[in-house]
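S.K.: Just dropping this structure here.
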Amino acid sequence: MKFFIDTANLAQIKEANDLGILDGVTTNPSLMAKEGIKGNEAILNHYKTICELVDGDISAEVLSVTYEEMVAEGKILAAIHPNIVVKIPMTKDGIKAIKWFTDNGIKTNCTLVFSAGQAILAAKAGATYLSPFIGRLDDTLWDGVDLIAQIANIYTIQGFQTEILAASIRTPLHIVKCAEAGADVCTCPLDSILGLLKHPLTDIGLAKFIEDAKKM
Ligand code: G3P
């Protein structure tokens, strides 16, 4: 399973990348706004900086809603760097745009996915990645991890090549459960990635080894 970090914060991206386990980055308009990135030039420059920091797929989301505008905007985003993946919302126009980018050899990430039906459509359009939002489904009392398992089963049976990118990850347990359910990628906040490191028995064991090492 690939690990992406889900943030536009450069310090966090660098920290995750320094671990040596990072395969890519996902962003969205909310995450960009949180970092105070405003205006076309600043947005494009920020994506360029992320591409220079991390050698992996970097999702950059279109802000347009019509097919024509998504294609025009996605072309500009894709021109920033060969690792840019054009992130497109799961809408009728979005599906058409994904098909256009597929036909033109540009990678896409279909976002805001909440059902298996949407997952089938995105795969038919040739999306490189599919982003089901686990945490937001959990918020509505639907099990987000169950959706990952259902889509993984469908994609295997049907031979779809689209990679399942579990998004809206909130906890380290989400990452483990998504790995079990067949996600190809998890995009996670830094805290959830670092949370995987933690176990009290590791801390207790290490403290004892350090103490005993003094007696050697
Ligand atoms: O990857 C999608 C993510 O950024 C949304 O997360 O926590 O706002 O549902 P959240």
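Each chain in the structure tokens gets a letter, A, B, ..., in the order shown, and its residues are numbered from 1; ligands are numbered from 1 in order too.
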With only C-alpha atoms and all ligand atoms counted, collect every polymer residue having an atom within 6 Å of ligand 1; state the result as a VMD selection string.
M.R.: chain A and resid 6 135 to 136 167 to 168
S.K.: Find the spatial neighbours of stretch 147-149 of chain A, counting only C-alpha atoms, within a cut-off of 10 Å - ignore same-chain residues fewer than 4 positions away - and output them as a tab-separated table (two decimals) with N, CA, C and O atoms, in the first residue's frame.
M.R.:
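Okay, this is what ended up in selection-v3.tsv:
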```
chain	number	residue	atom	x	y	z
A	113	VAL	N	-15.88	10.76	-3.29
A	113	VAL	CA	-16.57	9.51	-3.62
A	113	VAL	C	-17.15	8.89	-2.35
A	113	VAL	O	-16.44	8.76	-1.34
A	114	PHE	N	-18.43	8.54	-2.42
A	114	PHE	CA	-19.12	8.01	-1.24
A	114	PHE	C	-19.93	6.75	-1.53
A	114	PHE	O	-20.66	6.27	-0.66
A	115	SER	N	-19.83	6.20	-2.76
A	115	SER	CA	-20.60	4.98	-3.04
A	115	SER	C	-19.89	4.12	-4.07
A	115	SER	O	-19.04	4.60	-4.84
A	116	ALA	N	-20.29	2.83	-4.09
A	116	ALA	CA	-19.70	1.89	-5.05
A	116	ALA	C	-20.10	2.24	-6.48
A	116	ALA	O	-19.33	2.05	-7.42
A	119	ALA	N	-17.82	4.71	-7.73
A	119	ALA	CA	-16.51	4.08	-7.97
A	119	ALA	C	-16.48	3.37	-9.32
A	119	ALA	O	-15.46	3.39	-10.03
A	131	SER	N	-10.91	8.43	-4.82
A	131	SER	CA	-10.80	8.84	-3.41
A	131	SER	C	-12.13	8.73	-2.65
A	131	SER	O	-12.90	9.69	-2.59
A	132	PRO	N	-12.42	7.56	-2.06
A	132	PRO	CA	-13.56	7.47	-1.14
A	132	PRO	C	-13.18	8.15	0.18
A	132	PRO	O	-12.08	7.97	0.68
A	133	PHE	N	-14.13	8.92	0.74
A	133	PHE	CA	-13.88	9.69	1.97
A	133	PHE	C	-14.37	8.89	3.18
A	133	PHE	O	-15.54	8.95	3.58
A	134	ILE	N	-13.44	8.18	3.80
A	134	ILE	CA	-13.74	7.28	4.91
A	134	ILE	C	-14.33	7.98	6.13
A	134	ILE	O	-15.39	7.62	6.63
A	137	LEU	N	-17.80	9.44	5.78
A	137	LEU	CA	-18.85	8.41	5.81
A	137	LEU	C	-19.11	7.98	7.25
A	137	LEU	O	-20.26	7.87	7.68
A	142	TRP	N	-22.31	5.60	8.40
A	142	TRP	CA	-22.03	4.54	7.43
A	142	TRP	C	-20.57	4.17	7.61
A	142	TRP	O	-19.75	5.05	7.86
A	143	ASP	N	-20.23	2.88	7.47
A	143	ASP	CA	-18.85	2.46	7.73
A	143	ASP	C	-17.98	2.70	6.49
A	143	ASP	O	-18.12	2.01	5.48
A	153	ASN	N	-13.41	-5.25	-3.86
A	153	ASN	CA	-13.98	-6.49	-4.39
A	153	ASN	C	-14.47	-6.30	-5.83
A	153	ASN	O	-14.17	-7.10	-6.72
A	154	ILE	N	-15.19	-5.21	-6.05
A	154	ILE	CA	-15.72	-4.93	-7.40
A	154	ILE	C	-14.56	-4.74	-8.40
A	154	ILE	O	-14.58	-5.31	-9.50
A	155	TYR	N	-13.57	-3.96	-8.02
A	155	TYR	CA	-12.45	-3.69	-8.94
A	155	TYR	C	-11.69	-4.98	-9.27
A	155	TYR	O	-11.24	-5.16	-10.40
A	164	ILE	N	-7.47	2.44	-5.56
A	164	ILE	CA	-8.33	2.96	-4.47
A	164	ILE	C	-7.46	3.73	-3.48
A	164	ILE	O	-6.56	3.16	-2.86
A	165	LEU	N	-7.76	5.02	-3.38
A	165	LEU	CA	-6.99	5.93	-2.53
A	165	LEU	C	-7.88	6.34	-1.35
A	165	LEU	O	-8.71	7.23	-1.47
A	166	ALA	N	-7.73	5.64	-0.25
A	166	ALA	CA	-8.59	5.93	0.91
A	166	ALA	C	-8.27	7.33	1.45
A	166	ALA	O	-7.12	7.62	1.79
A	177	LYS	N	-7.10	-0.49	8.97
A	177	LYS	CA	-8.34	-1.09	8.46
A	177	LYS	C	-8.42	-0.96	6.93
A	177	LYS	O	-8.91	-1.86	6.24
A	178	CYS	N	-7.99	0.17	6.41
A	178	CYS	CA	-8.01	0.36	4.94
A	178	CYS	C	-7.02	-0.57	4.26
A	178	CYS	O	-7.28	-1.09	3.17
A	179	ALA	N	-5.87	-0.79	4.90
A	179	ALA	CA	-4.88	-1.74	4.36
A	179	ALA	C	-5.50	-3.13	4.30
A	179	ALA	O	-5.38	-3.84	3.29
A	180	GLU	N	-6.19	-3.51	5.37
A	180	GLU	CA	-6.86	-4.84	5.42
A	180	GLU	C	-7.95	-4.96	4.36
A	180	GLU	O	-8.18	-6.02	3.80
A	181	ALA	N	-8.65	-3.83	4.12
A	181	ALA	CA	-9.81	-3.85	3.21
A	181	ALA	C	-9.40	-3.79	1.74
A	181	ALA	O	-10.26	-3.90	0.87
A	182	GLY	N	-8.11	-3.57	1.47
A	182	GLY	CA	-7.66	-3.62	0.07
A	182	GLY	C	-7.41	-2.28	-0.57
A	182	GLY	O	-7.35	-2.19	-1.81
A	183	ALA	N	-7.22	-1.21	0.23
A	183	ALA	CA	-6.88	0.09	-0.36
A	183	ALA	C	-5.49	0.00	-1.00
A	183	ALA	O	-4.60	-0.65	-0.46
A	184	ASP	N	-5.32	0.64	-2.14
A	184	ASP	CA	-4.01	0.68	-2.80
A	184	ASP	C	-3.15	1.80	-2.21
A	184	ASP	O	-1.92	1.73	-2.24
```
S.K.: Give me, as a ChimeraX atom specification, the residues of stretch 1-193 of chain A that a backbone DSSP run labels alpha helix (DSSP H).
M.R.: /A:10-18,29-34,40-53,67-78,92-103,116-124,134-139,144-158,172-181,190-193
S.K.: Per DSSP on the backbone, what are the strand (DSSP E) residues of stretch 65-188 of chain A, as JSON, numbers by chain?
M.R.: {"A": [84, 85, 86, 87, 88, 89, 108, 109, 110, 111, 112, 113, 129, 130, 131, 132, 163, 164, 165, 166, 185, 186, 187, 188]}
S.K.: Could you give me, as a PyMOL selection string, the residues within 12 Å of stretch 71-78 of chain A, counting only C-alpha atoms and dropping anything in the same chain fewer than 3 positions from it?
M.R.: chain A and resi 40-41+43-48+51+57-68+81-88+93-109
S.K.: Ranking A:Leu112, A:Leu121, A:Ala11, A:Val54 by minimum distance to A:Thr162 and counting only C-alpha atoms, which one comes first?
M.R.: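 So, comparing all the options, the nearest one is A:Leu121.
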S.K.: Pick out the residues sitting within 12 Å of A:Ser30, and hand them over as number ranges by chain; count only C-alpha atoms, and ignore anything fewer than 3 positions along from it in its own chain.
M.R.: A: 6-9, 26-27, 33-38, 60-61, 63
S.K.: Go ahead and save the picked residues with N, CA and C atoms, as a short mmCIF file (atom, residue, chain, number, x, y, z; two decimals), in the first residue's frame.
M.R.:
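Saved as result_24.cif:
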```
data_model
loop_
_atom_site.label_atom_id
_atom_site.label_comp_id
_atom_site.auth_asym_id
_atom_site.auth_seq_id
_atom_site.Cartn_x
_atom_site.Cartn_y
_atom_site.Cartn_z
N ASP A 6 -1.89 13.95 3.34
CA ASP A 6 -3.05 14.75 2.94
C ASP A 6 -2.95 16.13 3.58
N THR A 7 -2.16 16.99 2.97
CA THR A 7 -1.98 18.35 3.52
C THR A 7 -1.32 19.22 2.45
N ALA A 8 -1.44 20.53 2.66
CA ALA A 8 -0.69 21.48 1.82
C ALA A 8 0.38 22.17 2.66
N ASN A 9 0.56 21.69 3.90
CA ASN A 9 1.54 22.29 4.81
C ASN A 9 2.95 21.77 4.49
N THR A 26 -1.63 14.56 -1.37
CA THR A 26 -2.92 15.03 -1.86
C THR A 26 -3.25 16.36 -1.19
N THR A 27 -3.90 17.22 -1.96
CA THR A 27 -4.35 18.50 -1.42
C THR A 27 -5.81 18.67 -1.86
N ALA A 33 -6.47 26.51 1.39
CA ALA A 33 -6.94 27.73 2.06
C ALA A 33 -6.41 27.79 3.49
N LYS A 34 -6.34 26.62 4.14
CA LYS A 34 -5.83 26.55 5.52
C LYS A 34 -4.39 27.08 5.62
N GLU A 35 -3.63 26.90 4.54
CA GLU A 35 -2.24 27.37 4.53
C GLU A 35 -2.13 28.82 4.05
N GLY A 36 -3.29 29.45 3.77
CA GLY A 36 -3.28 30.85 3.35
C GLY A 36 -2.84 31.06 1.91
N ILE A 37 -2.92 30.02 1.08
CA ILE A 37 -2.52 30.13 -0.33
C ILE A 37 -3.67 30.77 -1.10
N LYS A 38 -3.43 31.95 -1.68
CA LYS A 38 -4.49 32.69 -2.37
C LYS A 38 -4.02 33.17 -3.72
N ALA A 60 -3.53 17.80 -7.47
CA ALA A 60 -3.89 19.23 -7.47
C ALA A 60 -5.33 19.32 -7.97
N GLU A 61 -6.20 19.90 -7.15
CA GLU A 61 -7.64 19.85 -7.45
C GLU A 61 -8.11 21.03 -8.30
N LEU A 63 -10.76 23.83 -9.50
CA LEU A 63 -11.75 24.61 -8.77
C LEU A 63 -12.99 24.84 -9.63
#
```
S.K.: Which residue is closest to A:Ala123? Choose from A:Gln161, A:Thr156, A:Ser192, A:Thr140 and count only C-alpha atoms.
M.R.: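 Of A:Gln161, A:Thr156, A:Ser192, A:Thr140, the one nearest A:Ala123 is A:Gln161, counting only C-alpha atoms.
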S.K.: Find the residues near A:Leu10: any atom within 10 Å, counting only C-alpha atoms, skip ones fewer than 5 places away on the same chain, and give them as a PyMOL selection string.
M.R.: chain A and resi 15-16+35+46+49-50+53
S.K.: Atoms to include: N, CA and C atoms. Write the selected residues as a CSV table (one decimal), in the first residue's frame.
M.R.:
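Output below, filename out12.csv:
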```csv
chain,number,residue,atom,x,y,z
A,15,GLU,N,8.4,16.7,6.8
A,15,GLU,CA,8.6,15.8,7.9
A,15,GLU,C,8.2,14.3,7.5
A,16,ALA,N,7.1,14.2,6.8
A,16,ALA,CA,6.7,12.8,6.4
A,16,ALA,C,7.7,12.3,5.3
A,35,GLU,N,-3.6,26.9,4.5
A,35,GLU,CA,-2.2,27.4,4.5
A,35,GLU,C,-2.1,28.8,4.1
A,46,HIS,N,2.7,27.0,-5.3
A,46,HIS,CA,2.7,26.1,-4.1
A,46,HIS,C,2.8,24.6,-4.6
A,49,THR,N,6.3,23.8,-5.6
A,49,THR,CA,7.2,23.6,-4.5
A,49,THR,C,7.0,22.2,-3.9
A,50,ILE,N,5.7,21.8,-3.8
A,50,ILE,CA,5.4,20.4,-3.3
A,50,ILE,C,6.1,19.4,-4.2
A,53,LEU,N,9.6,19.0,-3.5
A,53,LEU,CA,9.9,18.4,-2.2
A,53,LEU,C,9.8,16.9,-2.3
```
S.K.: Just to confirm, what's the straight-line distance from atom CA of A:Gly24 to atom CA of A:Ile5 in Å (one decimal)?
M.R.: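 Answer for the atom CA of A:Gly24 to atom CA of A:Ile5 separation: 6.6 Å.
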S.K.: Would you mind telling me which residue in A:Asp212, A:Leu206, A:Pro172, A:Asp55 lies nearest to A:Asp18 when using only C-alpha atoms?
M.R.: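 For A:Asp18, the nearest of the given residues is A:Asp55.
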